[in-house]
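Student: Enclosed is the structure file my_file.cif (mmCIF, C-alpha atoms; chains and numbers go by the auth columns).
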```
data_input
#
loop_
_atom_site.group_PDB
_atom_site.id
_atom_site.type_symbol
_atom_site.label_atom_id
_atom_site.label_comp_id
_atom_site.label_asym_id
_atom_site.label_seq_id
_atom_site.Cartn_x
_atom_site.Cartn_y
_atom_site.Cartn_z
_atom_site.B_iso_or_equiv
_atom_site.auth_seq_id
_atom_site.auth_asym_id
ATOM 1 C CA MET A 1 -4.328 -22.069 41.921 0.00 1 A
ATOM 2 C CA SER A 2 -4.520 -21.069 38.275 0.00 2 A
ATOM 3 C CA ASP A 3 -6.252 -17.785 39.209 0.00 3 A
ATOM 4 C CA LEU A 4 -3.388 -16.967 41.579 0.00 4 A
ATOM 5 C CA GLU A 5 -0.808 -17.711 38.874 0.00 5 A
ATOM 6 C CA ASP A 6 -2.675 -15.449 36.448 0.00 6 A
ATOM 7 C CA ASP A 7 -2.658 -12.633 38.995 0.00 7 A
ATOM 8 C CA GLU A 8 1.103 -12.967 39.451 0.00 8 A
ATOM 9 C CA THR A 9 1.935 -12.917 35.720 0.00 9 A
ATOM 10 C CA PRO A 10 3.878 -9.667 35.012 0.00 10 A
ATOM 11 C CA GLN A 11 2.029 -7.226 32.765 0.00 11 A
ATOM 12 C CA LEU A 12 3.701 -4.546 30.639 0.00 12 A
ATOM 13 C CA SER A 13 2.441 -1.010 30.985 0.00 13 A
ATOM 14 C CA ALA A 14 0.932 0.591 27.890 0.00 14 A
ATOM 15 C CA HIS A 15 4.050 2.782 27.527 0.00 15 A
ATOM 16 C CA ALA A 16 6.448 -0.177 27.813 0.00 16 A
ATOM 17 C CA LEU A 17 4.386 -2.222 25.361 0.00 17 A
ATOM 18 C CA ALA A 18 4.426 0.617 22.814 0.00 18 A
ATOM 19 C CA ALA A 19 8.197 0.967 23.196 0.00 19 A
ATOM 20 C CA LEU A 20 8.664 -2.768 22.685 0.00 20 A
ATOM 21 C CA GLN A 21 6.502 -2.757 19.568 0.00 21 A
ATOM 22 C CA GLU A 22 8.472 0.180 18.177 0.00 22 A
ATOM 23 C CA PHE A 23 11.754 -1.679 18.830 0.00 23 A
ATOM 24 C CA TYR A 24 10.574 -4.768 16.945 0.00 24 A
ATOM 25 C CA ALA A 25 9.251 -2.625 14.099 0.00 25 A
ATOM 26 C CA GLU A 26 12.674 -0.959 13.707 0.00 26 A
ATOM 27 C CA LYS A 27 14.400 -4.341 13.725 0.00 27 A
ATOM 28 C CA LYS A 28 12.008 -5.642 11.082 0.00 28 A
ATOM 29 C CA GLN A 29 12.680 -2.607 8.889 0.00 29 A
ATOM 30 C CA GLN A 30 16.438 -3.173 9.143 0.00 30 A
ATOM 31 C CA ILE A 31 15.971 -6.777 8.011 0.00 31 A
ATOM 32 C CA ASP A 32 13.286 -6.084 5.418 0.00 32 A
ATOM 33 C CA PRO A 33 13.190 -2.346 4.674 0.00 33 A
ATOM 34 C CA GLY A 34 10.355 -0.960 2.604 0.00 34 A
ATOM 35 C CA LYS A 35 10.866 -0.218 -1.069 0.00 35 A
ATOM 36 C CA ASP A 36 11.093 3.524 -0.488 0.00 36 A
ATOM 37 C CA ASP A 37 13.825 3.159 2.166 0.00 37 A
ATOM 38 C CA LYS A 38 15.802 0.303 0.668 0.00 38 A
ATOM 39 C CA TYR A 39 18.512 2.458 -0.913 0.00 39 A
ATOM 40 C CA ASN A 40 18.781 5.202 1.698 0.00 40 A
ATOM 41 C CA ILE A 41 22.336 5.843 2.824 0.00 41 A
ATOM 42 C CA GLY A 42 22.435 4.785 6.458 0.00 42 A
ATOM 43 C CA ILE A 43 19.762 2.086 6.181 0.00 43 A
ATOM 44 C CA ILE A 44 22.689 -0.197 6.979 0.00 44 A
ATOM 45 C CA GLU A 45 24.713 1.207 9.861 0.00 45 A
ATOM 46 C CA GLU A 46 28.459 1.778 9.603 0.00 46 A
ATOM 47 C CA ASN A 47 30.613 -0.962 11.087 0.00 47 A
ATOM 48 C CA TRP A 48 33.843 0.669 12.184 0.00 48 A
ATOM 49 C CA GLN A 49 35.493 -2.729 12.669 0.00 49 A
ATOM 50 C CA LEU A 50 35.176 -3.109 8.882 0.00 50 A
ATOM 51 C CA SER A 51 36.468 0.458 8.396 0.00 51 A
ATOM 52 C CA GLN A 52 33.100 1.606 7.049 0.00 52 A
ATOM 53 C CA PHE A 53 32.447 5.326 6.713 0.00 53 A
ATOM 54 C CA TRP A 54 29.534 6.381 4.523 0.00 54 A
ATOM 55 C CA TYR A 55 29.684 9.364 2.184 0.00 55 A
ATOM 56 C CA SER A 56 27.513 12.387 2.782 0.00 56 A
ATOM 57 C CA GLN A 57 24.374 12.619 0.666 0.00 57 A
ATOM 58 C CA GLU A 58 25.951 15.394 -1.421 0.00 58 A
ATOM 59 C CA THR A 59 29.148 13.435 -2.108 0.00 59 A
ATOM 60 C CA ALA A 60 27.320 10.217 -2.937 0.00 60 A
ATOM 61 C CA LEU A 61 25.097 12.111 -5.378 0.00 61 A
ATOM 62 C CA ARG A 62 28.048 13.860 -7.027 0.00 62 A
ATOM 63 C CA LEU A 63 29.921 10.584 -7.507 0.00 63 A
ATOM 64 C CA ALA A 64 26.790 8.833 -8.791 0.00 64 A
ATOM 65 C CA GLN A 65 26.193 11.615 -11.305 0.00 65 A
ATOM 66 C CA GLU A 66 29.832 11.443 -12.378 0.00 66 A
ATOM 67 C CA ALA A 67 29.561 7.695 -12.935 0.00 67 A
ATOM 68 C CA THR A 68 26.408 7.900 -15.046 0.00 68 A
ATOM 69 C CA ALA A 69 27.872 10.731 -17.134 0.00 69 A
ATOM 70 C CA ALA A 70 31.042 8.694 -17.694 0.00 70 A
ATOM 71 C CA VAL A 71 29.268 5.519 -18.869 0.00 71 A
ATOM 72 C CA GLY A 72 26.325 6.916 -20.802 0.00 72 A
ATOM 73 C CA GLU A 73 23.106 5.091 -21.650 0.00 73 A
ATOM 74 C CA GLY A 74 23.303 1.339 -21.236 0.00 74 A
ATOM 75 C CA GLY A 75 26.553 1.561 -19.270 0.00 75 A
ATOM 76 C CA ARG A 76 27.736 -0.828 -16.554 0.00 76 A
ATOM 77 C CA ILE A 77 29.031 0.458 -13.220 0.00 77 A
ATOM 78 C CA ALA A 78 30.921 -1.497 -10.551 0.00 78 A
ATOM 79 C CA CYS A 79 30.997 -0.117 -7.001 0.00 79 A
ATOM 80 C CA VAL A 80 33.870 -1.804 -5.169 0.00 80 A
ATOM 81 C CA SER A 81 33.688 -1.225 -1.402 0.00 81 A
ATOM 82 C CA ALA A 82 31.662 1.915 -2.152 0.00 82 A
ATOM 83 C CA PRO A 83 28.103 1.080 -1.029 0.00 83 A
ATOM 84 C CA SER A 84 27.037 4.702 -0.569 0.00 84 A
ATOM 85 C CA VAL A 85 27.536 5.355 -4.284 0.00 85 A
ATOM 86 C CA TYR A 86 25.684 2.164 -5.211 0.00 86 A
ATOM 87 C CA GLN A 87 22.753 3.183 -2.998 0.00 87 A
ATOM 88 C CA LYS A 88 22.627 6.659 -4.502 0.00 88 A
ATOM 89 C CA LEU A 89 22.758 5.260 -8.039 0.00 89 A
ATOM 90 C CA ARG A 90 19.803 3.014 -7.291 0.00 90 A
ATOM 91 C CA GLU A 91 17.956 5.756 -5.425 0.00 91 A
ATOM 92 C CA MET A 92 18.081 7.785 -8.643 0.00 92 A
ATOM 93 C CA CYS A 93 15.706 5.127 -10.078 0.00 93 A
ATOM 94 C CA ARG A 94 17.268 5.168 -13.526 0.00 94 A
ATOM 95 C CA GLU A 95 17.039 2.076 -15.695 0.00 95 A
ATOM 96 C CA ASP A 96 19.431 3.109 -18.467 0.00 96 A
ATOM 97 C CA PHE A 97 22.475 1.605 -16.730 0.00 97 A
ATOM 98 C CA SER A 98 23.320 -1.485 -14.676 0.00 98 A
ATOM 99 C CA VAL A 99 25.210 -1.368 -11.392 0.00 99 A
ATOM 100 C CA TYR A 100 26.738 -3.942 -9.055 0.00 100 A
ATOM 101 C CA ILE A 101 27.973 -3.656 -5.479 0.00 101 A
ATOM 102 C CA PHE A 102 31.128 -5.585 -4.565 0.00 102 A
ATOM 103 C CA GLU A 103 31.177 -5.838 -0.754 0.00 103 A
ATOM 104 C CA TYR A 104 32.630 -7.937 2.067 0.00 104 A
ATOM 105 C CA ASP A 105 29.728 -7.041 4.375 0.00 105 A
ATOM 106 C CA LYS A 106 27.001 -9.571 3.678 0.00 106 A
ATOM 107 C CA ARG A 107 24.313 -7.260 5.034 0.00 107 A
ATOM 108 C CA PHE A 108 24.349 -5.757 1.531 0.00 108 A
ATOM 109 C CA ALA A 109 23.116 -9.085 0.157 0.00 109 A
ATOM 110 C CA MET A 110 19.689 -7.482 0.618 0.00 110 A
ATOM 111 C CA TYR A 111 20.292 -6.042 -2.862 0.00 111 A
ATOM 112 C CA GLY A 112 19.921 -9.451 -4.460 0.00 112 A
ATOM 113 C CA GLU A 113 21.751 -10.373 -7.643 0.00 113 A
ATOM 114 C CA GLU A 114 23.466 -6.982 -7.787 0.00 114 A
ATOM 115 C CA PHE A 115 25.418 -7.901 -4.636 0.00 115 A
ATOM 116 C CA ILE A 116 28.764 -9.627 -5.229 0.00 116 A
ATOM 117 C CA PHE A 117 30.642 -10.883 -2.170 0.00 117 A
ATOM 118 C CA TYR A 118 34.127 -9.387 -2.298 0.00 118 A
ATOM 119 C CA ASP A 119 37.206 -9.782 -0.108 0.00 119 A
ATOM 120 C CA TYR A 120 40.119 -7.598 -1.172 0.00 120 A
ATOM 121 C CA ASN A 121 42.501 -10.238 0.209 0.00 121 A
ATOM 122 C CA ASN A 122 41.351 -12.450 -2.690 0.00 122 A
ATOM 123 C CA PRO A 123 41.084 -9.791 -5.393 0.00 123 A
ATOM 124 C CA LEU A 124 40.197 -12.070 -8.312 0.00 124 A
ATOM 125 C CA ASP A 125 37.938 -14.500 -6.449 0.00 125 A
ATOM 126 C CA LEU A 126 34.765 -13.430 -8.246 0.00 126 A
ATOM 127 C CA PRO A 127 31.754 -15.315 -9.636 0.00 127 A
ATOM 128 C CA GLU A 128 32.025 -16.666 -13.180 0.00 128 A
ATOM 129 C CA ARG A 129 29.178 -14.396 -14.242 0.00 129 A
ATOM 130 C CA ILE A 130 31.448 -11.391 -13.664 0.00 130 A
ATOM 131 C CA ALA A 131 33.503 -11.338 -16.838 0.00 131 A
ATOM 132 C CA ALA A 132 36.829 -9.551 -17.208 0.00 132 A
ATOM 133 C CA HIS A 133 36.659 -5.957 -18.453 0.00 133 A
ATOM 134 C CA SER A 134 32.856 -5.986 -18.403 0.00 134 A
ATOM 135 C CA PHE A 135 32.297 -2.625 -16.683 0.00 135 A
ATOM 136 C CA ASP A 136 32.528 0.810 -18.282 0.00 136 A
ATOM 137 C CA ILE A 137 33.696 2.355 -15.010 0.00 137 A
ATOM 138 C CA VAL A 138 34.804 1.069 -11.624 0.00 138 A
ATOM 139 C CA ILE A 139 34.279 3.213 -8.523 0.00 139 A
ATOM 140 C CA ALA A 140 36.435 1.887 -5.699 0.00 140 A
ATOM 141 C CA ASP A 141 37.047 2.904 -2.114 0.00 141 A
ATOM 142 C CA PRO A 142 39.593 0.527 -0.537 0.00 142 A
ATOM 143 C CA PRO A 143 38.666 0.064 3.138 0.00 143 A
ATOM 144 C CA TYR A 144 42.172 0.627 4.523 0.00 144 A
ATOM 145 C CA LEU A 145 44.861 3.227 3.885 0.00 145 A
ATOM 146 C CA SER A 146 47.661 0.793 3.218 0.00 146 A
ATOM 147 C CA GLU A 147 49.787 -0.077 0.213 0.00 147 A
ATOM 148 C CA GLU A 148 48.753 -3.721 0.495 0.00 148 A
ATOM 149 C CA CYS A 149 45.027 -2.960 0.458 0.00 149 A
ATOM 150 C CA LEU A 150 45.345 -0.554 -2.466 0.00 150 A
ATOM 151 C CA ARG A 151 47.543 -2.953 -4.433 0.00 151 A
ATOM 152 C CA LYS A 152 45.123 -5.858 -4.030 0.00 152 A
ATOM 153 C CA THR A 153 42.074 -3.714 -4.743 0.00 153 A
ATOM 154 C CA SER A 154 43.857 -2.432 -7.850 0.00 154 A
ATOM 155 C CA GLU A 155 43.994 -5.997 -9.173 0.00 155 A
ATOM 156 C CA THR A 156 40.210 -6.155 -8.894 0.00 156 A
ATOM 157 C CA ILE A 157 39.757 -2.751 -10.508 0.00 157 A
ATOM 158 C CA LYS A 158 41.962 -3.606 -13.495 0.00 158 A
ATOM 159 C CA TYR A 159 40.170 -6.921 -13.957 0.00 159 A
ATOM 160 C CA LEU A 160 36.699 -5.338 -13.938 0.00 160 A
ATOM 161 C CA THR A 161 37.124 -2.118 -15.911 0.00 161 A
ATOM 162 C CA GLN A 162 37.160 -1.536 -19.629 0.00 162 A
ATOM 163 C CA GLY A 163 39.261 1.532 -18.890 0.00 163 A
ATOM 164 C CA LYS A 164 37.689 4.169 -16.656 0.00 164 A
ATOM 165 C CA ILE A 165 38.565 4.269 -12.956 0.00 165 A
ATOM 166 C CA LEU A 166 37.236 6.485 -10.159 0.00 166 A
ATOM 167 C CA LEU A 167 39.215 5.832 -6.989 0.00 167 A
ATOM 168 C CA CYS A 168 38.367 7.318 -3.584 0.00 168 A
ATOM 169 C CA THR A 169 41.041 7.059 -0.909 0.00 169 A
ATOM 170 C CA GLY A 170 43.302 9.117 1.321 0.00 170 A
ATOM 171 C CA ALA A 171 45.486 11.927 0.022 0.00 171 A
ATOM 172 C CA VAL A 172 48.472 10.039 1.447 0.00 172 A
ATOM 173 C CA MET A 173 47.902 7.336 -1.182 0.00 173 A
ATOM 174 C CA GLU A 174 48.364 9.696 -4.156 0.00 174 A
ATOM 175 C CA GLU A 175 51.757 8.376 -5.230 0.00 175 A
ATOM 176 C CA GLN A 176 50.787 4.713 -4.903 0.00 176 A
ATOM 177 C CA ALA A 177 47.490 5.308 -6.721 0.00 177 A
ATOM 178 C CA ALA A 178 49.270 6.916 -9.653 0.00 178 A
ATOM 179 C CA GLU A 179 51.791 4.084 -9.806 0.00 179 A
ATOM 180 C CA LEU A 180 49.266 1.255 -9.552 0.00 180 A
ATOM 181 C CA LEU A 181 46.359 2.649 -11.554 0.00 181 A
ATOM 182 C CA GLY A 182 47.596 5.666 -13.495 0.00 182 A
ATOM 183 C CA VAL A 183 45.075 7.953 -11.816 0.00 183 A
ATOM 184 C CA LYS A 184 45.408 11.637 -10.929 0.00 184 A
ATOM 185 C CA MET A 185 43.922 13.589 -8.018 0.00 185 A
ATOM 186 C CA CYS A 186 40.748 15.614 -8.700 0.00 186 A
ATOM 187 C CA THR A 187 39.879 19.055 -7.354 0.00 187 A
ATOM 188 C CA PHE A 188 36.607 17.688 -5.919 0.00 188 A
ATOM 189 C CA ILE A 189 36.940 16.806 -2.236 0.00 189 A
ATOM 190 C CA PRO A 190 34.579 14.070 -1.008 0.00 190 A
ATOM 191 C CA LYS A 191 32.891 14.341 2.377 0.00 191 A
ATOM 192 C CA HIS A 192 31.581 11.721 4.794 0.00 192 A
ATOM 193 C CA THR A 193 28.712 11.685 7.262 0.00 193 A
ATOM 194 C CA ARG A 194 31.383 11.639 9.969 0.00 194 A
ATOM 195 C CA ASN A 195 34.616 13.623 9.972 0.00 195 A
ATOM 196 C CA LEU A 196 37.644 11.482 9.165 0.00 196 A
ATOM 197 C CA ALA A 197 41.078 12.046 10.616 0.00 197 A
ATOM 198 C CA ASN A 198 42.754 11.559 7.226 0.00 198 A
ATOM 199 C CA GLU A 199 42.300 13.869 4.241 0.00 199 A
ATOM 200 C CA PHE A 200 40.218 12.094 1.604 0.00 200 A
ATOM 201 C CA ARG A 201 40.383 12.625 -2.167 0.00 201 A
ATOM 202 C CA CYS A 202 39.135 11.319 -5.516 0.00 202 A
ATOM 203 C CA TYR A 203 41.348 10.122 -8.362 0.00 203 A
ATOM 204 C CA VAL A 204 40.519 9.389 -12.020 0.00 204 A
ATOM 205 C CA ASN A 205 42.263 8.270 -15.200 0.00 205 A
ATOM 206 C CA TYR A 206 39.971 10.117 -17.648 0.00 206 A
ATOM 207 C CA ASP A 207 38.638 13.634 -18.271 0.00 207 A
ATOM 208 C CA SER A 208 36.251 14.007 -15.363 0.00 208 A
ATOM 209 C CA GLY A 209 33.577 16.420 -14.213 0.00 209 A
ATOM 210 C CA LEU A 210 35.089 16.117 -10.729 0.00 210 A
ATOM 211 C CA ASP A 211 37.631 18.740 -11.783 0.00 211 A
ATOM 212 C CA CYS A 212 34.850 21.232 -12.485 0.00 212 A
ATOM 213 C CA LEU A 213 33.673 23.360 -9.567 0.00 213 A
ATOM 214 C CA ILE A 214 29.879 23.480 -9.254 0.00 214 A
#
```
How does the structure come out when it is put into structure tokens?
Tutor:
Amino acid sequence: MSDLEDDETPQLSAHALAALQEFYAEKKQQIDPGKDDKYNIGIIEENWQLSQFWYSQETALRLAQEATAAVGEGGRIACVSAPSVYQKLREMCREDFSVYIFEYDKRFAMYGEEFIFYDYNNPLDLPERIAAHSFDIVIADPPYLSEECLRKTSETIKYLTQGKILLCTGAVMEEQAAELLGVKMCTFIPKHTRNLANEFRCYVNYDSGLDCLI
């Protein structure tokens, strides 16, 4: 009887078995990516329900370079709802600055102590270890193009920054951004890995390299 049962046990073909092993390997990498891949933009997939749209490699690099130039050696950078910039900063493998990622999406908890859970609906609900005005620059990309979202995110930005602000949001938010944060639109136009329906721009409140064409 046992021999008959063994004969009837379904067996995967070599091709199907290889495909299954590849699937599990990809899943494992998403959960525990290797050191070399950990900070790649796209290692965590966009979740459109959370209004997530990652920057292009070129834009993320430009914003990361802008941030490091603005803070200098030993500077502290806060990335608020801007994970692509955080990833690019860490991919640069520089140790002369510190950087934190403030994110609602807990998948980014893979970055350990540099991950700070953040919900813009509770803009000042932050861990005690995050002191007021403890960052040289805040890079923020509010997830929604609404006055409410920008206003609440602005509370977080003003709490975190010592002064410098780099805001990325829609061109339609220019007036509100100037009113809430005192920022002006830059000539640099950020790009995303996917085309967005709304025109996207960067805004700063300091003399920035984002107004220099390169």
Student: Hey, what comes out of the PyMOL selection byres ((chain A and resi 83-89) around 10) on this file? Could you write it as JSON, numbers by chain?
Tutor: {"A": [38, 39, 40, 41, 42, 43, 44, 52, 53, 54, 55, 56, 57, 58, 59, 60, 61, 62, 63, 64, 65, 67, 68, 77, 78, 79, 80, 81, 82, 90, 91, 92, 93, 94, 97, 98, 99, 100, 101, 102, 103, 105, 108, 111, 114, 139, 140, 141, 192]}
Student: So that I have them on file, write out the residues from the current selection with C-alpha atoms, as an mmCIF file, in the frame of the given file.
Tutor:
```cif
data_model
loop_
_atom_site.group_PDB
_atom_site.id
_atom_site.type_symbol
_atom_site.label_atom_id
_atom_site.label_comp_id
_atom_site.auth_asym_id
_atom_site.auth_seq_id
_atom_site.Cartn_x
_atom_site.Cartn_y
_atom_site.Cartn_z
ATOM 1 C CA LYS A 38 15.802 0.303 0.668
ATOM 2 C CA TYR A 39 18.512 2.458 -0.913
ATOM 3 C CA ASN A 40 18.781 5.202 1.698
ATOM 4 C CA ILE A 41 22.336 5.843 2.824
ATOM 5 C CA GLY A 42 22.435 4.785 6.458
ATOM 6 C CA ILE A 43 19.762 2.086 6.181
ATOM 7 C CA ILE A 44 22.689 -0.197 6.979
ATOM 8 C CA GLN A 52 33.100 1.606 7.049
ATOM 9 C CA PHE A 53 32.447 5.326 6.713
ATOM 10 C CA TRP A 54 29.534 6.381 4.523
ATOM 11 C CA TYR A 55 29.684 9.364 2.184
ATOM 12 C CA SER A 56 27.513 12.387 2.782
ATOM 13 C CA GLN A 57 24.374 12.619 0.666
ATOM 14 C CA GLU A 58 25.951 15.394 -1.421
ATOM 15 C CA THR A 59 29.148 13.435 -2.108
ATOM 16 C CA ALA A 60 27.320 10.217 -2.937
ATOM 17 C CA LEU A 61 25.097 12.111 -5.378
ATOM 18 C CA ARG A 62 28.048 13.860 -7.027
ATOM 19 C CA LEU A 63 29.921 10.584 -7.507
ATOM 20 C CA ALA A 64 26.790 8.833 -8.791
ATOM 21 C CA GLN A 65 26.193 11.615 -11.305
ATOM 22 C CA ALA A 67 29.561 7.695 -12.935
ATOM 23 C CA THR A 68 26.408 7.900 -15.046
ATOM 24 C CA ILE A 77 29.031 0.458 -13.220
ATOM 25 C CA ALA A 78 30.921 -1.497 -10.551
ATOM 26 C CA CYS A 79 30.997 -0.117 -7.001
ATOM 27 C CA VAL A 80 33.870 -1.804 -5.169
ATOM 28 C CA SER A 81 33.688 -1.225 -1.402
ATOM 29 C CA ALA A 82 31.662 1.915 -2.152
ATOM 30 C CA ARG A 90 19.803 3.014 -7.291
ATOM 31 C CA GLU A 91 17.956 5.756 -5.425
ATOM 32 C CA MET A 92 18.081 7.785 -8.643
ATOM 33 C CA CYS A 93 15.706 5.127 -10.078
ATOM 34 C CA ARG A 94 17.268 5.168 -13.526
ATOM 35 C CA PHE A 97 22.475 1.605 -16.730
ATOM 36 C CA SER A 98 23.320 -1.485 -14.676
ATOM 37 C CA VAL A 99 25.210 -1.368 -11.392
ATOM 38 C CA TYR A 100 26.738 -3.942 -9.055
ATOM 39 C CA ILE A 101 27.973 -3.656 -5.479
ATOM 40 C CA PHE A 102 31.128 -5.585 -4.565
ATOM 41 C CA GLU A 103 31.177 -5.838 -0.754
ATOM 42 C CA ASP A 105 29.728 -7.041 4.375
ATOM 43 C CA PHE A 108 24.349 -5.757 1.531
ATOM 44 C CA TYR A 111 20.292 -6.042 -2.862
ATOM 45 C CA GLU A 114 23.466 -6.982 -7.787
ATOM 46 C CA ILE A 139 34.279 3.213 -8.523
ATOM 47 C CA ALA A 140 36.435 1.887 -5.699
ATOM 48 C CA ASP A 141 37.047 2.904 -2.114
ATOM 49 C CA HIS A 192 31.581 11.721 4.794
#
```
Student: Could you list the residues chosen by the PyMOL selection byres ((chain A and resi 210) around 12) in this structure as a ChimeraX atom specification?
Tutor: /A:59,62-67,69-70,166-168,184-190,201-209,211-214
Student: Those residues with C-alpha atoms, as a PDB file, keeping the file's coordinate frame please?
Tutor:
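Saved to part_19.pdb:
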```pdb
ATOM      1  CA  THR A  59      29.148  13.435  -2.108  1.00  0.00           C
ATOM      2  CA  ARG A  62      28.048  13.860  -7.027  1.00  0.00           C
ATOM      3  CA  LEU A  63      29.921  10.584  -7.507  1.00  0.00           C
ATOM      4  CA  ALA A  64      26.790   8.833  -8.791  1.00  0.00           C
ATOM      5  CA  GLN A  65      26.193  11.615 -11.305  1.00  0.00           C
ATOM      6  CA  GLU A  66      29.832  11.443 -12.378  1.00  0.00           C
ATOM      7  CA  ALA A  67      29.561   7.695 -12.935  1.00  0.00           C
ATOM      8  CA  ALA A  69      27.872  10.731 -17.134  1.00  0.00           C
ATOM      9  CA  ALA A  70      31.042   8.694 -17.694  1.00  0.00           C
ATOM     10  CA  LEU A 166      37.236   6.485 -10.159  1.00  0.00           C
ATOM     11  CA  LEU A 167      39.215   5.832  -6.989  1.00  0.00           C
ATOM     12  CA  CYS A 168      38.367   7.318  -3.584  1.00  0.00           C
ATOM     13  CA  LYS A 184      45.408  11.637 -10.929  1.00  0.00           C
ATOM     14  CA  MET A 185      43.922  13.589  -8.018  1.00  0.00           C
ATOM     15  CA  CYS A 186      40.748  15.614  -8.700  1.00  0.00           C
ATOM     16  CA  THR A 187      39.879  19.055  -7.354  1.00  0.00           C
ATOM     17  CA  PHE A 188      36.607  17.688  -5.919  1.00  0.00           C
ATOM     18  CA  ILE A 189      36.940  16.806  -2.236  1.00  0.00           C
ATOM     19  CA  PRO A 190      34.579  14.070  -1.008  1.00  0.00           C
ATOM     20  CA  ARG A 201      40.383  12.625  -2.167  1.00  0.00           C
ATOM     21  CA  CYS A 202      39.135  11.319  -5.516  1.00  0.00           C
ATOM     22  CA  TYR A 203      41.348  10.122  -8.362  1.00  0.00           C
ATOM     23  CA  VAL A 204      40.519   9.389 -12.020  1.00  0.00           C
ATOM     24  CA  ASN A 205      42.263   8.270 -15.200  1.00  0.00           C
ATOM     25  CA  TYR A 206      39.971  10.117 -17.648  1.00  0.00           C
ATOM     26  CA  ASP A 207      38.638  13.634 -18.271  1.00  0.00           C
ATOM     27  CA  SER A 208      36.251  14.007 -15.363  1.00  0.00           C
ATOM     28  CA  GLY A 209      33.577  16.420 -14.213  1.00  0.00           C
ATOM     29  CA  ASP A 211      37.631  18.740 -11.783  1.00  0.00           C
ATOM     30  CA  CYS A 212      34.850  21.232 -12.485  1.00  0.00           C
ATOM     31  CA  LEU A 213      33.673  23.360  -9.567  1.00  0.00           C
ATOM     32  CA  ILE A 214      29.879  23.480  -9.254  1.00  0.00           C
TER      33      ILE A 214
END
```
Student: So which residues fall inside 8 Å of (39.3, 0.2, -12.8) if we count all atoms listed in the file? Mind giving them as a compact mmCIF listing (two decimals) with C-alpha atoms, in the coordinates of the input?
Tutor:
```
# COMPACT_ATOMS: atom_id res chain seq x y z
CA ILE A 137 33.70 2.36 -15.01
CA VAL A 138 34.80 1.07 -11.62
CA ILE A 139 34.28 3.21 -8.52
CA ALA A 140 36.44 1.89 -5.70
CA SER A 154 43.86 -2.43 -7.85
CA THR A 156 40.21 -6.16 -8.89
CA ILE A 157 39.76 -2.75 -10.51
CA LYS A 158 41.96 -3.61 -13.50
CA TYR A 159 40.17 -6.92 -13.96
CA LEU A 160 36.70 -5.34 -13.94
CA THR A 161 37.12 -2.12 -15.91
CA GLN A 162 37.16 -1.54 -19.63
CA GLY A 163 39.26 1.53 -18.89
CA LYS A 164 37.69 4.17 -16.66
CA ILE A 165 38.56 4.27 -12.96
CA LEU A 166 37.24 6.48 -10.16
CA LEU A 181 46.36 2.65 -11.55
```
Student: Here's the selection I'm unsure about, the PyMOL selection byres ((chain A and resi 150) around 10); applied to the file above, which residues does it give, as a ChimeraX atom specification?
Tutor: /A:120,140-149,151-156,167,169,173,176-177,180-181
Student: Any idea what the distance is between atom CA of A:Ile130 and atom CA of A:Gly170?
Tutor: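 So the two atoms, atom CA of A:Ile130 and atom CA of A:Gly170, lie 28.0 Å apart.
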Student: Which is closest to A:Val71 among A:Glu174, A:Glu199, A:Asp37, A:Asp96, if we use all atoms listed in the file?
Tutor: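 The closest residue to A:Val71 is A:Asp96.
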Student: Would you work out the distance separating atom CA of A:Tyr104 from atom CA of A:Phe135, expressed in Å to one decimal?
Tutor: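 Distance between the two atoms: 19.5 Å.
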Student: Report the distance between atom CA of A:Ala171 and atom CA of A:Val183 in Å, rounded to one decimal place.
Tutor: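 Interatomic distance, atom CA of A:Ala171 to atom CA of A:Val183: 12.5 Å.
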